[in-house]
>>> print(open('input_30.csv').read())   # CSV, C-alpha atoms
chain,number,residue,atom,x,y,z
A,27,MET,CA,0.9,15.5,34.7
A,28,THR,CA,-1.8,15.7,32.0
A,29,THR,CA,-1.6,13.7,28.9
A,30,ALA,CA,-1.1,16.9,26.8
A,31,ALA,CA,1.8,17.9,29.0
A,32,ARG,CA,3.8,14.7,28.4
A,33,ALA,CA,6.8,14.5,26.1
A,34,PHE,CA,6.5,12.9,22.7
A,35,ALA,CA,8.1,9.6,23.6
A,36,SER,CA,5.7,9.2,26.5
A,37,LEU,CA,2.7,10.1,24.4
A,38,ALA,CA,3.7,7.6,21.8
A,39,VAL,CA,3.7,4.8,24.3
A,40,HIS,CA,0.7,5.7,26.5
A,41,ALA,CA,-1.9,7.8,24.7
A,42,GLY,CA,-5.0,5.8,24.1
A,43,GLN,CA,-3.3,2.8,25.8
A,44,GLU,CA,-4.9,2.6,29.2
A,45,PHE,CA,-4.8,-0.9,30.8
A,46,ASP,CA,-7.9,-3.1,30.4
A,47,PRO,CA,-10.2,-2.3,33.3
A,48,THR,CA,-11.6,-5.8,33.5
A,49,THR,CA,-8.4,-7.8,33.7
A,50,GLY,CA,-5.7,-5.2,34.3
A,51,ALA,CA,-3.9,-6.3,31.1
A,52,VAL,CA,-1.3,-3.7,30.3
A,53,ILE,CA,-1.8,-4.1,26.5
A,54,PRO,CA,-5.4,-3.3,25.6
A,55,PRO,CA,-7.2,-6.2,23.9
A,56,VAL,CA,-7.8,-6.2,20.1
A,57,HIS,CA,-11.6,-5.9,19.5
A,58,PHE,CA,-12.5,-8.0,16.4
A,59,SER,CA,-16.3,-7.7,16.8
A,60,THR,CA,-18.1,-6.3,13.9
A,61,THR,CA,-21.2,-5.4,15.9
A,62,TYR,CA,-22.2,-4.5,19.4
A,63,ALA,CA,-25.1,-5.4,21.6
A,64,GLN,CA,-27.5,-2.6,22.5
A,65,ASP,CA,-29.2,-1.9,25.8
A,66,GLY,CA,-32.6,-1.4,24.1
A,67,ILE,CA,-33.0,0.1,20.6
A,68,GLY,CA,-30.5,2.9,20.3
A,69,GLY,CA,-28.9,2.2,23.7
A,70,LEU,CA,-25.3,2.1,22.6
A,71,ARG,CA,-22.5,1.3,25.0
A,72,GLN,CA,-19.9,4.0,24.7
A,73,GLY,CA,-21.2,4.8,21.3
A,74,TYR,CA,-20.3,1.5,19.6
A,75,GLU,CA,-22.8,0.1,17.2
A,76,TYR,CA,-21.1,-1.3,14.1
A,77,GLY,CA,-17.5,-1.9,13.1
A,78,ARG,CA,-17.5,0.6,10.2
A,79,SER,CA,-18.7,3.4,12.4
A,80,ALA,CA,-16.3,2.8,15.3
A,81,ASN,CA,-14.1,0.1,16.9
A,82,PRO,CA,-12.4,0.4,20.3
A,83,THR,CA,-9.0,-0.6,18.9
A,84,ARG,CA,-9.3,2.0,16.1
A,85,THR,CA,-10.5,4.5,18.7
A,86,ALA,CA,-7.3,3.8,20.7
A,87,LEU,CA,-5.1,4.3,17.7
A,88,GLN,CA,-6.9,7.6,16.8
A,89,THR,CA,-6.4,8.9,20.3
A,90,GLN,CA,-2.7,8.0,20.0
A,91,LEU,CA,-2.4,9.7,16.5
A,92,ALA,CA,-4.0,12.9,17.7
A,93,ALA,CA,-1.7,13.1,20.8
A,94,ILE,CA,1.6,12.6,18.9
A,95,GLU,CA,0.6,15.2,16.2
A,96,GLY,CA,-0.7,17.7,18.7
A,97,GLY,CA,-4.2,17.6,17.1
A,98,ALA,CA,-7.7,17.5,18.4
A,99,HIS,CA,-9.1,14.9,16.0
A,100,ALA,CA,-7.6,11.9,14.2
A,101,PHE,CA,-9.0,9.3,11.8
A,102,SER,CA,-7.4,6.0,10.9
A,103,PHE,CA,-8.0,4.6,7.3
A,104,ALA,CA,-7.3,1.5,5.3
A,105,SER,CA,-4.5,3.2,3.4
A,106,GLY,CA,-2.8,6.5,3.0
A,107,LEU,CA,-4.6,7.1,-0.3
A,108,ALA,CA,-7.9,6.3,1.3
A,109,ALA,CA,-7.2,9.1,3.9
A,110,GLU,CA,-6.2,11.5,1.1
A,111,ASP,CA,-9.3,10.7,-0.9
A,112,THR,CA,-11.6,11.3,2.0
A,113,LEU,CA,-10.0,14.6,2.9
A,114,LEU,CA,-10.1,15.8,-0.7
A,115,ARG,CA,-13.8,15.0,-1.1
A,116,ALA,CA,-14.6,16.5,2.3
A,117,VAL,CA,-13.1,19.8,1.2
A,118,LEU,CA,-13.4,20.1,-2.5
A,119,SER,CA,-16.2,20.5,-5.0
A,120,PRO,CA,-16.1,20.5,-8.8
A,121,GLY,CA,-14.3,23.6,-10.0
A,122,ASP,CA,-12.0,23.9,-6.9
A,123,GLU,CA,-8.3,23.8,-7.4
A,124,VAL,CA,-5.4,22.2,-5.5
A,125,LEU,CA,-1.9,23.7,-5.7
A,126,LEU,CA,0.4,20.7,-5.4
A,127,GLY,CA,4.2,20.4,-5.0
A,128,ASN,CA,6.1,19.4,-8.1
A,129,ASP,CA,7.9,16.6,-6.2
A,130,VAL,CA,5.2,14.5,-4.5
A,131,TYR,CA,4.3,10.8,-4.1
A,132,GLY,CA,3.1,9.5,-7.5
A,133,GLY,CA,-0.1,8.1,-6.0
A,134,THR,CA,-1.1,11.5,-4.7
A,135,TYR,CA,-0.6,13.0,-8.1
A,136,ARG,CA,-2.5,10.1,-9.7
A,137,LEU,CA,-5.4,10.5,-7.3
A,138,LEU,CA,-5.8,14.2,-8.1
A,139,ALA,CA,-5.2,14.0,-11.8
A,140,ARG,CA,-6.9,10.8,-12.8
A,141,VAL,CA,-9.6,10.2,-10.2
A,142,LEU,CA,-10.7,13.6,-9.0
A,143,GLY,CA,-9.7,15.4,-12.2
A,144,PRO,CA,-12.6,13.9,-14.2
A,145,TRP,CA,-14.9,14.9,-11.4
A,146,GLY,CA,-14.0,18.6,-12.0
A,147,VAL,CA,-11.1,19.2,-9.5
A,148,ARG,CA,-8.4,21.2,-11.0
A,149,LEU,CA,-4.7,20.7,-10.3
A,150,ARG,CA,-1.7,23.1,-10.5
A,151,VAL,CA,1.9,22.3,-9.8
A,152,VAL,CA,4.5,24.5,-8.2
A,153,ASP,CA,7.8,24.1,-6.4
A,154,MET,CA,6.6,24.3,-2.8
A,155,SER,CA,10.2,24.8,-1.5
A,156,ASP,CA,10.2,28.2,-3.3
A,157,ALA,CA,8.0,30.5,-1.2
A,158,GLU,CA,8.0,33.3,-3.8
A,159,ALA,CA,6.8,30.9,-6.5
A,160,VAL,CA,4.0,29.7,-4.2
A,161,ARG,CA,3.1,33.3,-3.4
A,162,THR,CA,3.0,34.2,-7.1
A,163,ALA,CA,0.9,31.2,-7.9
A,164,VAL,CA,-1.6,31.9,-5.1
A,165,ALA,CA,-1.9,35.6,-6.1
A,166,GLU,CA,-2.5,34.6,-9.7
A,167,ARG,CA,-5.4,32.4,-8.7
A,168,ALA,CA,-6.3,31.4,-5.1
A,169,PRO,CA,-6.5,27.6,-4.7
A,170,ARG,CA,-8.9,25.9,-2.3
A,171,MET,CA,-6.1,23.8,-1.0
A,172,LEU,CA,-2.3,23.8,-0.7
A,173,TRP,CA,-0.8,20.3,-0.6
A,174,VAL,CA,2.7,20.0,0.8
A,175,GLU,CA,5.2,17.2,1.3
A,176,THR,CA,8.2,18.1,3.4
A,177,PRO,CA,10.6,16.4,3.0
A,178,SER,CA,9.2,15.6,-0.4
A,179,ASN,CA,9.1,12.3,-2.1
A,180,PRO,CA,11.6,11.4,-3.5
A,181,LEU,CA,13.9,14.5,-3.9
A,182,LEU,CA,13.7,15.6,-0.3
A,183,ARG,CA,12.8,19.2,-1.0
A,184,ILE,CA,12.0,21.2,2.1
A,185,THR,CA,9.1,23.6,2.5
A,186,ASP,CA,8.9,26.2,5.2
A,187,ILE,CA,5.6,25.0,6.9
A,188,ALA,CA,5.1,28.1,8.9
A,189,GLY,CA,5.7,30.4,6.0
A,190,LEU,CA,3.5,28.5,3.6
A,191,SER,CA,0.8,28.2,6.2
A,192,ALA,CA,0.8,32.0,6.4
A,193,ILE,CA,0.4,32.3,2.6
A,194,GLY,CA,-2.4,29.8,2.7
A,195,ARG,CA,-4.3,31.6,5.5
A,196,GLU,CA,-4.0,34.9,3.6
A,197,ALA,CA,-5.6,33.2,0.5
A,198,GLY,CA,-8.2,31.3,2.5
A,199,ALA,CA,-6.7,28.0,1.4
A,200,LEU,CA,-6.6,24.9,3.5
A,201,VAL,CA,-2.9,23.9,4.1
A,202,VAL,CA,-2.4,20.1,4.1
A,203,VAL,CA,1.0,18.6,5.0
A,204,ASP,CA,2.0,15.1,4.3
A,205,ASN,CA,4.2,14.3,7.3
A,206,THR,CA,4.9,10.7,6.3
A,207,PHE,CA,8.7,11.1,5.8
A,208,ALA,CA,9.4,13.2,8.9
A,209,THR,CA,6.8,11.7,11.2
A,210,PRO,CA,5.7,13.6,14.4
A,211,ALA,CA,8.8,12.4,16.1
A,212,LEU,CA,10.8,14.9,14.0
A,213,GLN,CA,8.2,17.5,12.9
A,214,GLN,CA,4.7,18.6,13.9
A,215,PRO,CA,3.1,20.6,11.1
A,216,LEU,CA,-0.1,21.6,13.1
A,217,LEU,CA,2.1,23.4,15.6
A,218,LEU,CA,3.7,25.3,12.7
A,219,GLY,CA,0.3,26.5,11.4
A,220,ALA,CA,-0.8,23.7,9.0
A,221,ASP,CA,-4.5,22.8,9.0
A,222,VAL,CA,-4.3,19.1,8.4
A,223,VAL,CA,-1.7,16.4,8.6
A,224,VAL,CA,-1.9,13.3,6.4
A,225,HIS,CA,0.1,10.1,6.9
A,226,SER,CA,0.7,6.9,5.1
A,227,THR,CA,0.9,4.9,8.4
A,228,THR,CA,2.2,2.0,6.3
A,229,LYS,CA,5.6,3.7,6.5
A,230,TYR,CA,7.4,4.9,9.6
A,231,LEU,CA,4.4,4.9,12.0
A,232,GLY,CA,3.8,1.2,11.4
A,233,GLY,CA,7.5,0.8,10.9
A,234,HIS,CA,7.8,-2.9,10.2
A,235,SER,CA,6.5,-3.3,6.7
A,236,ASP,CA,3.6,-5.5,7.9
A,237,VAL,CA,0.5,-3.3,7.8
A,238,VAL,CA,-1.1,-0.8,5.3
A,239,GLY,CA,-2.9,2.2,6.7
A,240,GLY,CA,-3.4,6.0,6.5
A,241,ALA,CA,-4.3,8.8,8.9
A,242,LEU,CA,-5.6,12.3,9.0
A,243,VAL,CA,-5.1,14.7,12.0
A,244,MET,CA,-6.6,18.1,12.4
A,245,ASN,CA,-8.0,20.7,14.9
A,246,ASP,CA,-11.0,22.1,13.1
A,247,ASP,CA,-14.2,20.7,14.5
A,248,ALA,CA,-16.3,21.3,11.4
A,249,LEU,CA,-13.8,19.7,9.1
A,250,ALA,CA,-13.5,16.8,11.4
A,251,GLU,CA,-17.2,16.3,11.3
A,252,ARG,CA,-17.2,16.2,7.5
A,253,VAL,CA,-14.3,13.8,7.4
A,254,GLY,CA,-15.9,11.5,10.1
A,255,PHE,CA,-19.1,11.4,8.1
A,256,LEU,CA,-17.3,10.4,4.9
A,257,GLN,CA,-15.2,7.8,6.7
A,258,PHE,CA,-18.4,6.2,8.0
A,259,ALA,CA,-20.4,6.6,4.7
A,260,VAL,CA,-17.7,5.4,2.4
A,261,GLY,CA,-16.1,2.9,4.8
A,262,ALA,CA,-12.3,2.9,4.1
A,263,VAL,CA,-11.5,2.3,7.7
A,264,SER,CA,-8.6,0.4,9.2
A,265,GLY,CA,-9.4,-3.1,10.5
A,266,PRO,CA,-8.8,-3.9,14.2
A,267,LEU,CA,-5.6,-5.9,13.7
A,268,ASP,CA,-4.2,-3.2,11.3
A,269,ALA,CA,-5.0,-0.6,13.9
A,270,TRP,CA,-3.3,-2.6,16.6
A,271,LEU,CA,-0.2,-3.2,14.6
A,272,THR,CA,0.1,0.5,13.8
A,273,THR,CA,-0.3,1.3,17.5
A,274,ARG,CA,2.4,-1.1,18.4
A,275,GLY,CA,4.7,0.5,15.8
A,276,ILE,CA,4.1,4.0,17.1
A,277,LYS,CA,5.3,3.0,20.6
A,278,THR,CA,8.9,2.6,19.3
A,279,LEU,CA,8.7,5.5,16.7
A,280,ASP,CA,10.8,7.9,18.8
A,281,VAL,CA,13.8,5.6,19.1
A,282,ARG,CA,13.5,4.2,15.6
A,283,MET,CA,13.5,7.6,14.0
A,284,GLN,CA,16.7,8.5,15.9
A,285,ARG,CA,18.4,5.4,14.5
A,286,HIS,CA,17.0,5.9,11.0
A,287,SER,CA,18.3,9.5,11.0
A,288,GLU,CA,21.7,8.6,12.4
A,289,ASN,CA,22.3,5.9,9.8
A,290,ALA,CA,21.0,8.2,7.0
A,291,VAL,CA,23.3,11.0,7.9
A,292,ARG,CA,26.3,8.6,7.7
A,293,ILE,CA,25.2,7.3,4.3
A,294,ALA,CA,24.5,10.7,2.9
A,295,GLU,CA,27.9,12.0,3.9
A,296,TYR,CA,29.6,9.0,2.4
A,297,LEU,CA,27.7,9.3,-0.9
A,298,ALA,CA,28.3,13.0,-1.1
A,299,GLY,CA,32.1,12.3,-1.3
A,300,HIS,CA,31.9,9.4,-3.7
A,301,GLU,CA,33.3,9.8,-7.2
A,302,ARG,CA,30.5,7.8,-8.9
A,303,VAL,CA,27.7,9.9,-7.3
A,304,ALA,CA,26.5,13.0,-9.2
A,305,ARG,CA,24.3,14.4,-6.4
A,306,VAL,CA,22.9,13.5,-3.0
A,307,HIS,CA,19.5,14.7,-1.8
A,308,TYR,CA,19.4,14.8,2.0
A,309,PRO,CA,18.3,17.8,4.1
A,310,GLY,CA,20.9,16.8,6.8
A,311,LEU,CA,23.7,17.9,4.5
A,312,ALA,CA,24.8,21.5,4.9
A,313,THR,CA,24.9,21.8,1.1
A,314,HIS,CA,21.2,20.9,0.7
A,315,PRO,CA,19.2,24.1,-0.3
A,316,GLY,CA,16.6,23.5,2.4
A,317,HIS,CA,19.1,22.6,5.2
A,318,GLU,CA,18.5,25.7,7.3
A,319,ILE,CA,14.7,25.4,7.2
A,320,ALA,CA,14.8,21.7,7.9
A,321,ALA,CA,17.1,22.3,10.9
A,322,ARG,CA,14.6,24.9,12.2
A,323,GLN,CA,11.4,22.8,11.8
A,324,MET,CA,12.7,19.3,12.3
A,325,SER,CA,14.5,17.8,15.3
A,326,ALA,CA,16.5,15.4,13.0
A,327,PHE,CA,16.6,14.8,9.2
A,328,GLY,CA,14.9,11.4,8.7
A,329,GLY,CA,15.8,8.1,7.1
A,330,ILE,CA,15.4,8.8,3.4
A,331,VAL,CA,18.4,9.5,1.2
A,332,SER,CA,18.0,10.0,-2.6
A,333,VAL,CA,21.0,9.8,-4.8
A,334,ALA,CA,21.6,10.8,-8.5
A,335,LEU,CA,24.1,8.7,-10.4
A,336,GLU,CA,25.6,9.5,-13.8
A,337,SER,CA,22.8,8.0,-15.8
A,338,GLY,CA,19.5,6.2,-15.7
A,339,GLU,CA,21.2,3.0,-16.6
A,340,ALA,CA,23.7,3.4,-13.8
A,341,ALA,CA,20.9,4.0,-11.4
A,342,ARG,CA,19.1,0.9,-12.5
A,343,ARG,CA,22.3,-1.2,-12.1
A,344,PHE,CA,22.9,0.2,-8.7
A,345,ALA,CA,19.3,-0.5,-7.5
A,346,GLU,CA,19.5,-4.1,-8.8
A,347,SER,CA,23.0,-4.7,-7.2
A,348,THR,CA,22.4,-4.0,-3.5
A,349,ARG,CA,22.2,-7.0,-1.2
A,350,LEU,CA,21.3,-5.7,2.3
A,351,PHE,CA,19.2,-3.0,0.8
A,352,GLN,CA,16.2,-4.9,-0.7
A,353,LEU,CA,14.8,-3.7,-4.0
A,354,ALA,CA,11.1,-3.0,-3.1
A,355,GLU,CA,8.3,-0.5,-3.1
A,356,SER,CA,7.5,1.5,0.1
A,357,LEU,CA,9.8,2.8,2.8
A,358,GLY,CA,10.0,3.5,6.5
A,359,GLY,CA,10.4,-0.1,7.8
A,360,VAL,CA,13.2,-1.3,10.1
A,361,GLU,CA,14.8,-3.0,7.1
A,362,SER,CA,16.6,-1.0,4.4
A,363,LEU,CA,15.0,-0.7,1.0
A,364,VAL,CA,16.2,0.6,-2.4
A,365,ASN,CA,13.7,1.9,-4.9
A,366,TYR,CA,14.0,3.2,-8.5
A,367,PRO,CA,11.2,5.8,-8.6
A,368,ASP,CA,11.0,6.4,-12.3
A,369,ALA,CA,9.9,2.8,-12.9
A,370,MET,CA,8.4,1.9,-9.5
A,371,THR,CA,6.7,4.3,-7.0
A,372,HIS,CA,6.5,7.2,-9.5
A,373,ALA,CA,6.0,5.5,-12.8
A,374,SER,CA,2.4,7.0,-12.9
A,375,VAL,CA,3.9,10.5,-13.2
A,376,ARG,CA,6.3,9.9,-16.1
A,377,GLY,CA,5.9,12.7,-18.6
A,378,THR,CA,4.2,15.1,-16.1
A,379,ASP,CA,5.5,18.1,-14.1
A,380,ALA,CA,6.0,15.7,-11.2
A,381,ALA,CA,8.2,13.2,-13.1
A,382,VAL,CA,11.4,11.9,-11.3
A,383,PRO,CA,14.7,12.1,-13.1
A,384,GLU,CA,15.8,8.7,-14.4
A,385,GLU,CA,19.2,8.8,-12.7
A,386,VAL,CA,17.6,9.0,-9.2
A,387,VAL,CA,17.6,6.1,-6.7
A,388,ARG,CA,15.8,6.4,-3.3
A,389,LEU,CA,17.2,4.7,-0.3
A,390,SER,CA,15.0,4.0,2.8
A,391,VAL,CA,17.7,3.6,5.4
A,392,GLY,CA,16.8,1.1,8.1
A,393,ILE,CA,18.1,0.5,11.6
A,394,GLU,CA,20.8,-2.1,10.7
A,395,ASP,CA,24.4,-1.5,11.5
A,396,SER,CA,25.6,1.5,9.5
A,397,ALA,CA,28.9,-0.2,8.6
A,398,ASP,CA,27.1,-3.1,6.9
A,399,LEU,CA,24.8,-0.7,5.0
A,400,LEU,CA,27.8,1.4,3.8
A,401,ALA,CA,29.6,-1.8,2.7
A,402,ASP,CA,26.5,-2.8,0.7
A,403,ILE,CA,26.3,0.6,-1.0
A,404,GLU,CA,30.0,0.5,-1.9
A,405,GLN,CA,29.8,-2.9,-3.5
A,406,ALA,CA,26.7,-1.8,-5.4
A,407,LEU,CA,28.4,1.3,-6.7
A,408,ARG,CA,31.3,-0.9,-7.9
A,409,ALA,CA,28.8,-3.0,-9.8
>>> encode(input="input_30.csv", output="structure tokens")
Amino acid sequence: MTTAARAFASLAVHAGQEFDPTTGAVIPPVHFSTTYAQDGIGGLRQGYEYGRSANPTRTALQTQLAAIEGGAHAFSFASGLAAEDTLLRAVLSPGDEVLLGNDVYGGTYRLLARVLGPWGVRLRVVDMSDAEAVRTAVAERAPRMLWVETPSNPLLRITDIAGLSAIGREAGALVVVDNTFATPALQQPLLLGADVVVHSTTKYLGGHSDVVGGALVMNDDALAERVGFLQFAVGAVSGPLDAWLTTRGIKTLDVRMQRHSENAVRIAEYLAGHERVARVHYPGLATHPGHEIAARQMSAFGGIVSVALESGEAARRFAESTRLFQLAESLGGVESLVNYPDAMTHASVRGTDAAVPEEVVRLSVGIEDSADLLADIEQALRA
């Protein structure tokens, strides 16, 4: 069986992870060397010259990332925002425009509005879950890039990737999908027509809240060449230990996402029937406006649940009252976290079209026992 023909769980474990040919070690060694001896000037062994240009441990991770996303090229970066920045500068020039979802990670909005904006990149915001609104916006003025999060952060809006990719192709726009929330265990945007997938590997791919990283995956050779050049020239690469920790996390991604999703469904259903909850945002609920699309393009609904309480003050009290859910930034680790987006992850977009309602709390549901998680939520709601 070829590597490409293997199922996702097998690719996650084995892609790029061949045993060490010298010792037979099942786990490939971590290569910490910053430089590599040459067989004469320019005589590179397997292309390795200097740690910024390439590292065997990073190469192994990039092979793994490409395999699990169904792409031809993958690049591993020092952070998700470093990956985004490299892609944006590889594609955009001053005067180009990005059409962005109105419910995206605050750091992405900040990067576009406050870093690339002064450079001359323009930004427009639209509800990406509304295909007609996207079509109208594209017809009004064709953007260079469509930037999608699905499920979105933090309101879990769902975008039809295949439908939006078709709109992007018609307009000549590059379609980028941030697949951080779903991961390739549940959703593979390239197979649905997207041009590029971006990840904060800090989240579910790493999976243990112990490594920061980012990734890009794509099929286009010319774009990959530009991204690779910028990665080398600017240097925001993942270090060897970071790459190894991410690889280790990916090996259990399939089983972790199953447990994250199972726990999240139970919590979303419980919250949906609670008298103190105004609204639950979770695509696994039949009442979610994007439920049918999510069921079509995802194999499960993920581990993030966002909940709206009766007021911003109630949301703050709830976020500060959980015990098993730890109040912290980030998401996607094996432990459950609670986050108050308005003052934490999305504070930078207050007052913009991407602002998060004050009454919303985001739960990153971990892999603990679901009964314990539900008990913690109940006591926090009472508080």
>>> atom_distance(input="input_30.csv", atom1="CA of His300 (chain A)", atom2="CA of Glu404 (chain A)")
9.3 Å
>>> closest_residue(input="input_30.csv", among="A:Arg167, A:Val387, A:Met283, A:Ile276", to="Met370 (chain A)", atoms="only C-alpha atoms")
A:Val387
>>> residues_around(input="input_30.csv", residues="His99 (chain A)", least_positions_apart="2", cutoff="12 Å", atoms="only C-alpha atoms", output="tab-separated table (two decimals) with C-alpha atoms, in the coordinates of the input")
chain	number	residue	atom	x	y	z
A	85	THR	CA	-10.50	4.50	18.70
A	87	LEU	CA	-5.10	4.30	17.70
A	88	GLN	CA	-6.90	7.60	16.80
A	89	THR	CA	-6.40	8.90	20.30
A	90	GLN	CA	-2.70	8.00	20.00
A	91	LEU	CA	-2.40	9.70	16.50
A	92	ALA	CA	-4.00	12.90	17.70
A	93	ALA	CA	-1.70	13.10	20.80
A	94	ILE	CA	1.60	12.60	18.90
A	95	GLU	CA	0.60	15.20	16.20
A	96	GLY	CA	-0.70	17.70	18.70
A	97	GLY	CA	-4.20	17.60	17.10
A	101	PHE	CA	-9.00	9.30	11.80
A	102	SER	CA	-7.40	6.00	10.90
A	216	LEU	CA	-0.10	21.60	13.10
A	221	ASP	CA	-4.50	22.80	9.00
A	222	VAL	CA	-4.30	19.10	8.40
A	223	VAL	CA	-1.70	16.40	8.60
A	241	ALA	CA	-4.30	8.80	8.90
A	242	LEU	CA	-5.60	12.30	9.00
A	243	VAL	CA	-5.10	14.70	12.00
A	244	MET	CA	-6.60	18.10	12.40
A	245	ASN	CA	-8.00	20.70	14.90
A	246	ASP	CA	-11.00	22.10	13.10
A	247	ASP	CA	-14.20	20.70	14.50
A	248	ALA	CA	-16.30	21.30	11.40
A	249	LEU	CA	-13.80	19.70	9.10
A	250	ALA	CA	-13.50	16.80	11.40
A	251	GLU	CA	-17.20	16.30	11.30
A	252	ARG	CA	-17.20	16.20	7.50
A	253	VAL	CA	-14.30	13.80	7.40
A	254	GLY	CA	-15.90	11.50	10.10
>>> atom_distance(input="input_30.csv", atom1="CA of Leu267 (chain A)", atom2="CA of Gln43 (chain A)")
15.1 Å
>>> residues_around(input="input_30.csv", residues="region 47-54 of chain A", least_positions_apart="5", cutoff="10 Å", atoms="only C-alpha atoms", output="list in words")
Gly42, Pro82, Thr83, Ala86, Trp270 and Arg274 of chain A
>>> residues_around(input="input_30.csv", residues="Gly106 (chain A)", least_positions_apart="2", cutoff="6 Å", atoms="all atoms listed in the file", output="ChimeraX atom specification")
/A:108-109,226,239-240
>>> atom_distance(input="input_30.csv", atom1="CA of Val306 (chain A)", atom2="CA of Ala334 (chain A)")
6.3 Å
>>> residues_near_point(input="input_30.csv", point="(-0.7, 1.7, 8.5)", cutoff="6 Å", atoms="all atoms listed in the file", output="ChimeraX atom specification")
/A:227-228,232,237-240,272
>>> residues_around(input="input_30.csv", residues="Phe207 (chain A)", least_positions_apart="5", cutoff="9 Å", atoms="all atoms listed in the file", output="mmCIF file with C-alpha atoms, in the frame of the given file")
data_model
loop_
_atom_site.group_PDB
_atom_site.id
_atom_site.type_symbol
_atom_site.label_atom_id
_atom_site.label_comp_id
_atom_site.auth_asym_id
_atom_site.auth_seq_id
_atom_site.Cartn_x
_atom_site.Cartn_y
_atom_site.Cartn_z
ATOM 1 C CA GLU A 175 5.200 17.200 1.300
ATOM 2 C CA THR A 176 8.200 18.100 3.400
ATOM 3 C CA PRO A 177 10.600 16.400 3.000
ATOM 4 C CA SER A 178 9.200 15.600 -0.400
ATOM 5 C CA ASN A 179 9.100 12.300 -2.100
ATOM 6 C CA HIS A 225 0.100 10.100 6.900
ATOM 7 C CA LYS A 229 5.600 3.700 6.500
ATOM 8 C CA TYR A 230 7.400 4.900 9.600
ATOM 9 C CA GLY A 328 14.900 11.400 8.700
ATOM 10 C CA GLY A 329 15.800 8.100 7.100
ATOM 11 C CA ILE A 330 15.400 8.800 3.400
ATOM 12 C CA LEU A 357 9.800 2.800 2.800
ATOM 13 C CA GLY A 358 10.000 3.500 6.500
#
>>> residues_around(input="input_30.csv", residues="region 143-152 of chain A", least_positions_apart="3", cutoff="6 Å", atoms="only C-alpha atoms", output="VMD selection string")
chain A and resid 120 to 128 138 to 140
>>> write_last_selection(input="input_30.csv", atoms="C-alpha atoms", output="short mmCIF file (atom, residue, chain, number, x, y, z; two decimals), in the frame of the given file")
data_model
loop_
_atom_site.label_atom_id
_atom_site.label_comp_id
_atom_site.auth_asym_id
_atom_site.auth_seq_id
_atom_site.Cartn_x
_atom_site.Cartn_y
_atom_site.Cartn_z
CA PRO A 120 -16.10 20.50 -8.80
CA GLY A 121 -14.30 23.60 -10.00
CA ASP A 122 -12.00 23.90 -6.90
CA GLU A 123 -8.30 23.80 -7.40
CA VAL A 124 -5.40 22.20 -5.50
CA LEU A 125 -1.90 23.70 -5.70
CA LEU A 126 0.40 20.70 -5.40
CA GLY A 127 4.20 20.40 -5.00
CA ASN A 128 6.10 19.40 -8.10
CA LEU A 138 -5.80 14.20 -8.10
CA ALA A 139 -5.20 14.00 -11.80
CA ARG A 140 -6.90 10.80 -12.80
#
>>> decode(input="input_30.csv", residues="region 234-244 of chain A", atoms="N, CA and C atoms", output="PDB file, in the first residue's frame")
ATOM      1  N   HIS A 234      -1.060  19.379  23.350  1.00  0.00           N
ATOM      2  CA  HIS A 234      -0.733  19.219  24.766  1.00  0.00           C
ATOM      3  C   HIS A 234      -0.314  20.532  25.426  1.00  0.00           C
ATOM      4  N   SER A 235      -0.608  21.645  24.789  1.00  0.00           N
ATOM      5  CA  SER A 235      -0.333  22.975  25.349  1.00  0.00           C
ATOM      6  C   SER A 235       1.122  23.160  25.759  1.00  0.00           C
ATOM      7  N   ASP A 236       2.034  22.564  24.983  1.00  0.00           N
ATOM      8  CA  ASP A 236       3.443  22.651  25.345  1.00  0.00           C
ATOM      9  C   ASP A 236       4.345  23.077  24.186  1.00  0.00           C
ATOM     10  N   VAL A 237       3.754  23.489  23.063  1.00  0.00           N
ATOM     11  CA  VAL A 237       4.583  23.901  21.931  1.00  0.00           C
ATOM     12  C   VAL A 237       3.810  24.895  21.063  1.00  0.00           C
ATOM     13  N   VAL A 238       4.485  25.963  20.647  1.00  0.00           N
ATOM     14  CA  VAL A 238       3.902  26.969  19.757  1.00  0.00           C
ATOM     15  C   VAL A 238       4.384  26.700  18.337  1.00  0.00           C
ATOM     16  N   GLY A 239       3.471  26.772  17.383  1.00  0.00           N
ATOM     17  CA  GLY A 239       3.868  26.544  16.000  1.00  0.00           C
ATOM     18  C   GLY A 239       2.762  26.872  15.024  1.00  0.00           C
ATOM     19  N   GLY A 240       3.107  26.875  13.740  1.00  0.00           N
ATOM     20  CA  GLY A 240       2.134  27.126  12.690  1.00  0.00           C
ATOM     21  C   GLY A 240       2.505  26.350  11.446  1.00  0.00           C
ATOM     22  N   ALA A 241       1.575  26.259  10.507  1.00  0.00           N
ATOM     23  CA  ALA A 241       1.833  25.482   9.293  1.00  0.00           C
ATOM     24  C   ALA A 241       1.020  26.017   8.127  1.00  0.00           C
ATOM     25  N   LEU A 242       1.560  25.819   6.930  1.00  0.00           N
ATOM     26  CA  LEU A 242       0.860  26.044   5.669  1.00  0.00           C
ATOM     27  C   LEU A 242       0.948  24.770   4.855  1.00  0.00           C
ATOM     28  N   VAL A 243      -0.158  24.410   4.176  1.00  0.00           N
ATOM     29  CA  VAL A 243      -0.179  23.247   3.286  1.00  0.00           C
ATOM     30  C   VAL A 243      -0.862  23.660   1.994  1.00  0.00           C
ATOM     31  N   MET A 244      -0.287  23.248   0.869  1.00  0.00           N
ATOM     32  CA  MET A 244      -0.831  23.658  -0.434  1.00  0.00           C
ATOM     33  C   MET A 244      -0.414  22.655  -1.501  1.00  0.00           C
TER      34      MET A 244
END
